[in-house]
Each structure stands twice: as C-alpha cells, then as structure tokens.
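*Asks:* This is run-v8.txt, which holds compact mmCIF, C-alpha atoms:
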```
# COMPACT_ATOMS: atom_id res chain seq x y z
CA MET A 1 87.03 89.13 80.85
CA SER A 2 88.49 85.82 82.04
CA GLU A 3 90.42 85.44 78.78
CA ARG A 4 92.68 88.42 79.38
CA THR A 5 96.24 87.63 80.45
CA PHE A 6 98.68 89.84 82.31
CA ASP A 7 102.44 89.96 82.65
CA PRO A 8 103.39 90.32 86.35
CA GLU A 9 106.66 92.02 85.39
CA LYS A 10 104.86 94.66 83.38
CA MET A 11 102.29 95.11 86.15
CA THR A 12 105.13 95.63 88.63
CA ALA A 13 106.73 98.24 86.39
CA ASN A 14 103.40 100.05 85.87
CA THR A 15 102.63 100.03 89.60
CA ARG A 16 106.03 101.41 90.51
CA ALA A 17 105.80 104.05 87.78
CA SER A 18 102.42 105.35 88.95
CA VAL A 19 103.07 105.29 92.73
CA SER A 20 106.66 106.13 93.67
CA MET A 21 106.14 104.71 97.15
CA ALA A 22 105.58 101.28 95.58
CA GLU A 23 108.94 101.67 93.85
CA HIS A 24 110.60 102.81 97.04
CA ILE A 25 109.44 99.82 99.11
CA ARG A 26 109.97 97.49 96.12
CA ILE A 27 106.51 95.99 95.83
CA THR A 28 106.48 93.21 93.22
CA VAL A 29 103.43 91.78 91.48
CA GLU A 30 103.91 87.99 91.66
CA VAL A 31 100.56 86.81 90.29
CA ALA A 32 98.18 88.88 88.15
CA GLU A 33 95.05 87.11 86.96
CA PRO A 34 91.43 88.23 86.63
CA GLY A 35 90.04 87.83 90.14
CA ARG A 36 93.35 87.08 91.85
CA VAL A 37 96.60 88.93 92.52
CA VAL A 38 99.57 88.20 94.78
CA LEU A 39 102.11 90.91 95.69
CA SER A 40 105.33 90.73 97.70
CA MET A 41 107.62 93.13 99.55
CA PRO A 42 111.10 92.58 101.01
CA LYS A 43 111.91 93.27 104.64
CA GLU A 44 115.25 94.81 103.65
CA GLY A 45 115.06 98.58 103.41
CA ASN A 46 111.58 98.71 104.95
CA THR A 47 112.26 98.50 108.68
CA ASN A 48 111.34 100.86 111.54
CA HIS A 49 112.85 101.96 114.87
CA ILE A 50 112.63 98.40 116.27
CA GLY A 51 113.89 96.50 113.21
CA THR A 52 110.57 95.10 111.96
CA ILE A 53 108.78 96.16 108.77
CA TYR A 54 107.42 99.69 109.18
CA ALA A 55 103.61 100.07 109.49
CA GLY A 56 103.40 102.42 106.50
CA ALA A 57 105.07 99.87 104.24
CA LEU A 58 102.65 97.14 105.40
CA TYR A 59 99.74 99.52 104.89
CA THR A 60 100.90 100.23 101.35
CA LEU A 61 101.41 96.54 100.54
CA ALA A 62 97.82 95.97 101.73
CA GLU A 63 96.40 98.85 99.65
CA ILE A 64 98.20 98.49 96.30
CA PRO A 65 96.61 95.12 95.38
CA GLY A 66 93.28 96.94 95.18
CA GLY A 67 94.60 98.69 92.09
CA THR A 68 96.27 95.58 90.72
CA LEU A 69 93.12 93.48 91.11
CA PHE A 70 91.13 96.29 89.58
CA SER A 71 93.35 96.27 86.50
CA THR A 72 93.09 92.51 85.99
CA THR A 73 89.37 92.24 86.73
CA PHE A 74 87.69 95.38 85.37
CA ASP A 75 88.00 97.50 82.24
CA PRO A 76 90.26 100.44 83.19
CA LYS A 77 89.05 102.36 80.12
CA ARG A 78 85.55 102.36 81.57
CA TYR A 79 86.19 102.47 85.34
CA TYR A 80 88.71 103.65 87.94
CA PRO A 81 88.98 102.93 91.68
CA ILE A 82 89.59 105.12 94.72
CA VAL A 83 90.21 104.00 98.31
CA LYS A 84 87.76 105.55 100.77
CA GLU A 85 88.77 104.00 104.08
CA GLN A 86 91.18 101.37 105.33
CA THR A 87 91.63 99.67 108.68
CA ILE A 88 94.84 97.74 109.26
CA ARG A 89 95.46 95.65 112.35
CA PHE A 90 99.03 94.65 113.16
CA ARG A 91 98.97 91.16 114.72
CA ARG A 92 102.65 90.21 114.88
CA PRO A 93 105.93 91.97 114.13
CA ALA A 94 106.86 91.44 110.46
CA MET A 95 110.38 90.04 110.58
CA THR A 96 110.73 88.50 107.10
CA ASP A 97 109.72 89.32 103.51
CA VAL A 98 105.94 89.37 103.22
CA THR A 99 103.19 88.66 100.67
CA VAL A 100 99.54 89.54 100.25
CA GLU A 101 96.78 87.99 98.13
CA MET A 102 93.57 89.70 97.03
CA THR A 103 90.74 87.89 95.26
CA MET A 104 87.31 88.58 93.78
CA THR A 105 84.89 86.10 92.24
CA ALA A 106 83.52 86.70 88.74
CA GLU A 107 80.04 87.04 90.28
CA GLU A 108 81.25 89.76 92.67
CA ALA A 109 82.96 91.62 89.84
CA GLU A 110 79.84 91.47 87.66
CA ALA A 111 77.66 92.83 90.46
CA ILE A 112 80.06 95.73 91.15
CA ALA A 113 80.31 96.63 87.45
CA ALA A 114 76.53 96.46 87.08
CA GLU A 115 76.06 98.84 90.00
CA ALA A 116 78.67 101.26 88.62
CA ASP A 117 77.02 101.13 85.20
CA ALA A 118 73.67 101.99 86.79
CA ASN A 119 74.82 104.66 89.31
CA GLY A 120 78.21 105.91 88.10
CA LYS A 121 79.85 104.38 91.18
CA ALA A 122 79.87 101.26 93.36
CA ASP A 123 81.35 100.69 96.83
CA TYR A 124 83.10 97.41 97.61
CA SER A 125 85.47 96.09 100.25
CA ARG A 126 88.29 93.58 100.37
CA THR A 127 89.94 92.08 103.45
CA VAL A 128 93.49 90.86 102.97
CA GLU A 129 96.12 89.17 105.11
CA ILE A 130 99.81 90.01 105.02
CA VAL A 131 101.76 86.79 105.56
CA ASP A 132 105.42 86.25 106.43
CA THR A 133 107.64 83.47 105.04
CA GLU A 134 106.60 81.16 107.91
CA GLY A 135 102.93 81.55 106.97
CA THR A 136 102.17 83.74 109.99
CA VAL A 137 99.60 86.47 109.42
CA VAL A 138 101.37 89.65 110.52
CA ALA A 139 98.61 92.10 109.57
CA ILE A 140 94.99 92.10 108.43
CA SER A 141 93.58 94.98 106.41
CA THR A 142 90.04 95.81 105.35
CA ASN A 143 89.98 98.20 102.42
CA HIS A 144 86.89 100.08 101.33
CA TYR A 145 87.07 101.07 97.68
CA GLN A 146 84.76 102.89 95.33
CA MET A 147 84.68 102.10 91.63
CA ARG A 148 83.68 104.98 89.42
CA THR A 149 82.90 105.26 85.75
CA HIS A 150 85.09 107.75 83.90
CA GLY A 151 83.32 111.06 83.43
CA SER A 152 80.56 110.34 85.91
CA MET B 1 108.93 116.78 131.36
CA SER B 2 107.50 120.09 130.14
CA GLU B 3 110.91 121.76 130.38
CA ARG B 4 112.48 119.66 127.64
CA THR B 5 112.98 121.39 124.30
CA PHE B 6 113.35 119.84 120.87
CA ASP B 7 114.82 120.92 117.57
CA PRO B 8 112.34 120.21 114.72
CA GLU B 9 115.22 119.95 112.23
CA LYS B 10 116.94 117.26 114.29
CA MET B 11 113.63 115.45 114.81
CA THR B 12 113.08 115.48 111.05
CA ALA B 13 116.54 114.04 110.44
CA ASN B 14 116.04 111.35 113.09
CA THR B 15 112.63 110.39 111.73
CA ARG B 16 113.92 110.12 108.18
CA ALA B 17 116.94 108.12 109.33
CA SER B 18 114.89 105.55 111.23
CA VAL B 19 112.08 105.11 108.67
CA SER B 20 113.24 105.39 105.06
CA MET B 21 109.66 105.86 103.89
CA ALA B 22 109.51 109.11 105.86
CA GLU B 23 112.61 110.23 103.97
CA HIS B 24 111.15 109.13 100.65
CA ILE B 25 107.91 111.10 101.06
CA ARG B 26 109.81 114.00 102.70
CA ILE B 27 107.94 114.25 105.97
CA THR B 28 109.12 117.30 107.93
CA VAL B 29 108.66 117.91 111.65
CA GLU B 30 107.45 121.52 111.88
CA VAL B 31 106.63 121.72 115.59
CA ALA B 32 107.99 119.41 118.30
CA GLU B 33 106.93 120.20 121.87
CA PRO B 34 105.91 118.03 124.79
CA GLY B 35 102.25 117.25 124.10
CA ARG B 36 102.12 118.73 120.60
CA VAL B 37 103.69 118.00 117.24
CA VAL B 38 102.95 119.24 113.71
CA LEU B 39 104.30 117.45 110.63
CA SER B 40 104.07 118.34 106.94
CA MET B 41 104.43 116.55 103.60
CA PRO B 42 104.65 117.97 100.08
CA LYS B 43 102.29 116.89 97.31
CA GLU B 44 105.16 116.82 94.82
CA GLY B 45 106.56 113.31 94.38
CA ASN B 46 103.72 111.73 96.38
CA THR B 47 100.91 111.44 93.83
CA ASN B 48 98.94 108.42 92.60
CA HIS B 49 97.29 107.29 89.36
CA ILE B 50 94.83 110.22 89.47
CA GLY B 51 97.27 112.98 90.45
CA THR B 52 96.28 113.38 94.12
CA ILE B 53 98.45 112.39 97.11
CA TYR B 54 98.69 108.60 97.33
CA ALA B 55 96.81 106.91 100.20
CA GLY B 56 99.97 105.22 101.55
CA ALA B 57 101.71 108.58 101.87
CA LEU B 58 98.73 110.05 103.74
CA TYR B 59 98.61 106.97 105.97
CA THR B 60 102.29 107.39 106.79
CA LEU B 61 101.92 111.11 107.51
CA ALA B 62 99.11 110.19 109.93
CA GLU B 63 101.13 107.46 111.66
CA ILE B 64 104.58 109.03 112.06
CA PRO B 65 103.47 111.78 114.52
CA GLY B 66 102.72 109.00 117.00
CA GLY B 67 106.45 108.43 117.25
CA THR B 68 107.29 112.13 117.21
CA LEU B 69 104.81 112.92 119.98
CA PHE B 70 106.11 109.94 121.90
CA SER B 71 109.65 111.30 121.74
CA THR B 72 108.67 114.76 122.95
CA THR B 73 106.26 113.61 125.66
CA PHE B 74 107.67 110.41 127.16
CA ASP B 75 111.10 109.16 128.18
CA PRO B 76 112.37 107.05 125.24
CA LYS B 77 114.97 105.43 127.50
CA ARG B 78 112.17 103.97 129.60
CA TYR B 79 109.40 103.36 127.04
CA TYR B 80 108.84 102.64 123.36
CA PRO B 81 105.66 102.70 121.23
CA ILE B 82 104.18 100.30 118.70
CA VAL B 83 101.15 100.85 116.46
CA LYS B 84 98.51 98.13 116.85
CA GLU B 85 95.74 99.26 114.54
CA GLN B 86 94.92 102.25 112.39
CA THR B 87 91.81 103.35 110.54
CA ILE B 88 92.16 106.09 107.97
CA ARG B 89 89.21 107.64 106.18
CA PHE B 90 89.83 109.64 103.02
CA ARG B 91 87.35 112.52 102.90
CA ARG B 92 88.59 114.61 99.98
CA PRO B 93 91.31 114.26 97.35
CA ALA B 94 94.57 115.75 98.67
CA MET B 95 95.62 118.21 95.98
CA THR B 96 98.09 120.43 97.86
CA ASP B 97 100.86 120.02 100.46
CA VAL B 98 99.38 118.74 103.72
CA THR B 99 99.97 118.94 107.48
CA VAL B 100 98.92 116.96 110.53
CA GLU B 101 98.86 117.86 114.23
CA MET B 102 98.86 115.41 117.14
CA THR B 103 98.41 116.45 120.76
CA MET B 104 98.27 114.93 124.24
CA THR B 105 97.57 116.69 127.53
CA ALA B 106 100.01 116.35 130.43
CA GLU B 107 97.26 114.54 132.38
CA GLU B 108 96.79 112.00 129.59
CA ALA B 109 100.53 111.42 129.35
CA GLU B 110 100.83 110.90 133.10
CA ALA B 111 98.00 108.38 133.13
CA ILE B 112 99.53 106.40 130.23
CA ALA B 113 102.97 106.37 131.85
CA ALA B 114 101.49 105.29 135.19
CA GLU B 115 99.68 102.38 133.55
CA ALA B 116 102.84 101.30 131.68
CA ASP B 117 104.85 101.51 134.90
CA ALA B 118 102.30 99.26 136.62
CA ASN B 119 101.66 96.74 133.81
CA GLY B 120 104.64 96.98 131.43
CA LYS B 121 102.34 98.35 128.73
CA ALA B 122 99.51 100.81 128.13
CA ASP B 123 97.14 101.18 125.18
CA TYR B 124 96.20 104.63 123.94
CA SER B 125 94.67 106.16 120.82
CA ARG B 126 95.02 109.40 118.92
CA THR B 127 92.75 110.76 116.20
CA VAL B 128 94.36 113.18 113.77
CA GLU B 129 93.23 115.22 110.79
CA ILE B 130 95.28 115.73 107.65
CA VAL B 131 94.64 119.23 106.38
CA ASP B 132 95.45 120.83 103.02
CA THR B 133 96.66 124.41 102.48
CA GLU B 134 93.05 125.62 102.22
CA GLY B 135 92.26 124.20 105.67
CA THR B 136 90.17 121.35 104.24
CA VAL B 137 90.38 118.07 106.14
CA VAL B 138 91.38 115.54 103.47
CA ALA B 139 91.74 112.50 105.78
CA ILE B 140 90.99 111.51 109.38
CA SER B 141 92.98 108.75 111.06
CA THR B 142 92.50 107.00 114.38
CA ASN B 143 95.70 105.33 115.54
CA HIS B 144 95.80 102.76 118.31
CA TYR B 145 99.21 102.59 119.95
CA GLN B 146 100.70 100.59 122.76
CA MET B 147 103.43 102.00 124.97
CA ARG B 148 105.75 99.42 126.44
CA THR B 149 108.52 99.60 128.99
CA HIS B 150 111.89 98.42 127.70
CA GLY B 151 112.58 94.85 128.76
CA SER B 152 109.02 94.07 129.80
```
Go through the file and emit its structure as structure tokens.

*Replies:*
Amino acid sequence: MSERTFDPEKMTANTRASVSMAEHIRITVEVAEPGRVVLSMPKEGNTNHIGTIYAGALYTLAEIPGGTLFSTTFDPKRYYPIVKEQTIRFRRPAMTDVTVEMTMTAEEAEAIAAEADANGKADYSRTVEIVDTEGTVVAISTNHYQMRTHGS
Amino acid sequence: MSERTFDPEKMTANTRASVSMAEHIRITVEVAEPGRVVLSMPKEGNTNHIGTIYAGALYTLAEIPGGTLFSTTFDPKRYYPIVKEQTIRFRRPAMTDVTVEMTMTAEEAEAIAAEADANGKADYSRTVEIVDTEGTVVAISTNHYQMRTHGS
C-alpha cells in the first residue's frame, strides 16, 4: 500500500464534504501519505469566550486525522473506522493557528488489518499533539478507534 | 443565588454568539436554572461518514453545558471557567436528535466558590450522559473544569 499517493487538496475537500464541522472550522489536510498525515486549523473563527481556540474545535482537529490516516493507510473498500473513546488534555491556551500530526508504521497497520481480517474488527489507539506556530503543545489527545470490515 | 432566573432563548443566543461551533451544530439551551441545565442538538446537519452524529458534535454538546451551568450557578463577574481535560466514550451510534443534562448541588457550588475565593482557582468535574430520543445513552463524558477568579 506504500505506493498509493494522495492529493491533500482532494482529501481536504472530501473531509469537509463528509463532516460539515470540519468545513465550518476549516480543517485543511496538509500532508496525506500512507502512515502519516498532517492537518491544520486557523485560529480565526474558532475562538471561545476568552479569545482562545474553543475546546470543541481542538477536539475535532485531534479526531479527524484518524479518518484521514485511515484513508491513506488502509483499504476503505474493505474497512471503515469508528471512534470509541477520546481523552483530550488542554495544556496551554491555543492562541495561534494550530497543526496536528498522526502516524502509523507499516508494521502497526499490517497487524491491525490482520486482526480485523480474522475477527471482523480491531481496536487501536493513537496519541496526537496539537501544536501552535511557536511549537508549543497546546493539547494532547488519545483516541481509541475500532476498525471494522464492511458487512461484519 | 437560587433566586436568579434565566431565559433559555437568551442563553442559546449568547452561547451561539460566543462559540460559533455551537451555532453551527445548532445547540439549544432547553432548561437553564441554577444547578441544572439541559441542552439539545439535532441530528440533521451533524452527521459523519456513516450517517450517525459526528463525534466532534457530540463532544461539543457534552462540553458546552459546563459554561451554561457555570452561568446559571456562579457569578460570571467574579469567576470564569476553563476546560482542562475531557474524556468522552461513545457507547452507541447517535441516530436521532440528542440531549444532555448537567447538574450541581448548591452545596457543591458553595464549596467550589469557597475554594476559588481562597486560592484563585478550583478544579471540579462533571460527568454527563448524551441521550437519544429513545432514552438510550449514546455517549458519556467526564469533563474536568477549573474555575478561576478574574484577575487571579
């Protein structure tokens, strides 16, 4: 699967079309490769009652890459992901545009796919950091996903 | 503080004005009393790639009542809240409109305010259930807030 290539612009459009909240907070897919995605979100338009980025927008920026990484790393015709649980910790106020990176090694992906092939589903987790333009980690999120085979 | 009354329509307008995501997903304040708030969100417009309510919308519906309850229970001129950490567990697909209730006893509120008065801040948590129109709990969220005194 490492030979597949992806157009970040198309991935952005697809993400925004399938989840209107991603459109609303203007999440952009910056990097989309098998095993690695980077997404960004502007501060503008996404602030709360104290002028920093609203928690729900940060949560969503932390969650969406699970779907993006899924699309670049697995076969969406065979599998689909759901999010089962997510813990987000807010470390610092987010006062600039922010980015998030999510990765998965080829070995991890193969093990998850093998388990889903055997059992119809496979649980896996990713921990991601949301980083501001200074490089400060403003939030850390651990996302628990389940991959399922279609029709199982 | 139990004599204060609140207009759910005004609270809805204020919430949507301060957090545009709340406007986008059409969160409505249904009940706003000291110590108890109920908020709702429609399914329509808030779905994901599999046609159920998107996780980020459910997360936001679980988080926003923290601010609503704060407004009805504490003095916003003296204190303000931030969310420090939140864990949301998705139990069932959300396939209808949903509601959430958040409560706090007068004793709890007094203890939190006393601690903030003494230390400039006070941590507190709320666990809420998001319920569909059948009464099924679709998600459970534990929200860790910190109340701070202005200027501390």

*Asks:* My list of candidates is A:Glu134, A:Glu85, A:Asp7, A:Glu33. Which is closest to chain B when distances are computed with all atoms listed in the file?

*Replies:*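 Ranked by minimum distance to chain B, first place goes to A:Glu85.
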
*Asks:* I'd like the contact shell of Ile112 (chain A) - 8 Å cut-off, all atoms listed in the file, skipping same-chain residues fewer than 2 positions apart - returned as a list of chain:residue names.

*Replies:*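 So the residues in contact are A:Glu108, A:Ala109, A:Glu110, A:Ala114, A:Glu115, A:Ala116, A:Ala122, A:Asp123, A:Tyr124, A:Met147.
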
*Asks:* Output as a PDB file with C-alpha atoms, keeping the file's coordinate frame the set of chain B residues within 7 Å of chain A, with distances taken over only C-alpha atoms.

*Replies:*
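Resulting contents of out.pdb:
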```pdb
ATOM      1  CA  SER B  18     114.890 105.550 111.230  1.00  0.00           C
ATOM      2  CA  VAL B  19     112.080 105.110 108.670  1.00  0.00           C
ATOM      3  CA  SER B  20     113.240 105.390 105.060  1.00  0.00           C
ATOM      4  CA  ASN B  46     103.720 111.730  96.380  1.00  0.00           C
ATOM      5  CA  THR B  47     100.910 111.440  93.830  1.00  0.00           C
ATOM      6  CA  ASN B  48      98.940 108.420  92.600  1.00  0.00           C
ATOM      7  CA  HIS B  49      97.290 107.290  89.360  1.00  0.00           C
ATOM      8  CA  GLY B  56      99.970 105.220 101.550  1.00  0.00           C
ATOM      9  CA  TYR B  59      98.610 106.970 105.970  1.00  0.00           C
ATOM     10  CA  THR B  60     102.290 107.390 106.790  1.00  0.00           C
ATOM     11  CA  LYS B  84      98.510  98.130 116.850  1.00  0.00           C
ATOM     12  CA  GLU B  85      95.740  99.260 114.540  1.00  0.00           C
ATOM     13  CA  GLN B  86      94.920 102.250 112.390  1.00  0.00           C
ATOM     14  CA  THR B  87      91.810 103.350 110.540  1.00  0.00           C
ATOM     15  CA  ILE B  88      92.160 106.090 107.970  1.00  0.00           C
ATOM     16  CA  ARG B  89      89.210 107.640 106.180  1.00  0.00           C
ATOM     17  CA  PHE B  90      89.830 109.640 103.020  1.00  0.00           C
TER      18      PHE B  90
END
```

*Asks:* Which residue, B:Val128, B:His150, B:Ala32, B:Arg16, has the smallest gap to Thr99 (chain B) when you use only C-alpha atoms?

*Replies:*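 Closest residue, counting only C-alpha atoms: B:Val128.
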
*Asks:* Measuring between all atoms listed in the file, which one of B:Pro76, B:Pro8, B:Gly151, B:Pro65 shows the shortest distance to Thr127 (chain B)?

*Replies:*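 With all atoms listed in the file as the atom set, the closest residue is B:Pro65.
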
*Asks:* Which residue out of B:Ala106, B:Ile27, B:Ala111, B:Ala13 has the minimum interatomic distance to Leu39 (chain B) when all atoms listed in the file are used?

*Replies:*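 Of all the options, B:Ile27 lies closest to Leu39 (chain B).
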
*Asks:* Figure out the distance between CA of Arg148 (chain B) and CA of Thr52 (chain A), please, to one decimal in Å.

*Replies:*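 Separation of CA of Thr52 (chain A) and CA of Arg148 (chain B): 15.9 Å.
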
*Asks:* Taking all atoms of region 127-136 of chain A that the file lists, what box with edges along x, y and z, padded by 6 Å per side, do you get, with centre and edge lengths in Å to one decimal, as AutoDock Vina command-line options?

*Replies:*
```
--center_x 98.8 --center_y 86.6 --center_z 106.5 --size_x 29.7 --size_y 22.9 --size_z 19.0
```

*Asks:* Give me, please, the distance in Å between CA of Thr28 (chain B) and CA of Thr12 (chain B), quoted to one decimal.

*Replies:* 5.4 Å

*Asks:* Write out as a PyMOL selection string each polymer residue whose atoms come within 10 Å of Pro34 (chain A), counting all atoms listed in the file; drop sequence neighbours fewer than 5 positions from it.

*Replies:* chain A and resi 1-6+68-74+103-106+109

*Asks:* For the residues in that selection, give me C-alpha atoms as a PDB file, in the coordinates of the input.

*Replies:*
```pdb
ATOM      1  CA  MET A   1      87.030  89.130  80.850  1.00  0.00           C
ATOM      2  CA  SER A   2      88.490  85.820  82.040  1.00  0.00           C
ATOM      3  CA  GLU A   3      90.420  85.440  78.780  1.00  0.00           C
ATOM      4  CA  ARG A   4      92.680  88.420  79.380  1.00  0.00           C
ATOM      5  CA  THR A   5      96.240  87.630  80.450  1.00  0.00           C
ATOM      6  CA  PHE A   6      98.680  89.840  82.310  1.00  0.00           C
ATOM      7  CA  THR A  68      96.270  95.580  90.720  1.00  0.00           C
ATOM      8  CA  LEU A  69      93.120  93.480  91.110  1.00  0.00           C
ATOM      9  CA  PHE A  70      91.130  96.290  89.580  1.00  0.00           C
ATOM     10  CA  SER A  71      93.350  96.270  86.500  1.00  0.00           C
ATOM     11  CA  THR A  72      93.090  92.510  85.990  1.00  0.00           C
ATOM     12  CA  THR A  73      89.370  92.240  86.730  1.00  0.00           C
ATOM     13  CA  PHE A  74      87.690  95.380  85.370  1.00  0.00           C
ATOM     14  CA  THR A 103      90.740  87.890  95.260  1.00  0.00           C
ATOM     15  CA  MET A 104      87.310  88.580  93.780  1.00  0.00           C
ATOM     16  CA  THR A 105      84.890  86.100  92.240  1.00  0.00           C
ATOM     17  CA  ALA A 106      83.520  86.700  88.740  1.00  0.00           C
ATOM     18  CA  ALA A 109      82.960  91.620  89.840  1.00  0.00           C
TER      19      ALA A 109
END
```

*Asks:* CA of Ser40 (chain B) and CA of Val100 (chain B) are how many Å apart?

*Replies:*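 About the pair CA of Ser40 (chain B) and CA of Val100 (chain B): they are 6.4 Å apart.
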
*Asks:* For a quick check of understanding, using only C-alpha atoms, which of A:Ser125, A:Met11, A:Asn119, A:Met95 has the smallest distance to Tyr145 (chain A)?

*Replies:*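 Counting only C-alpha atoms, the residue closest to Tyr145 (chain A) is A:Ser125.
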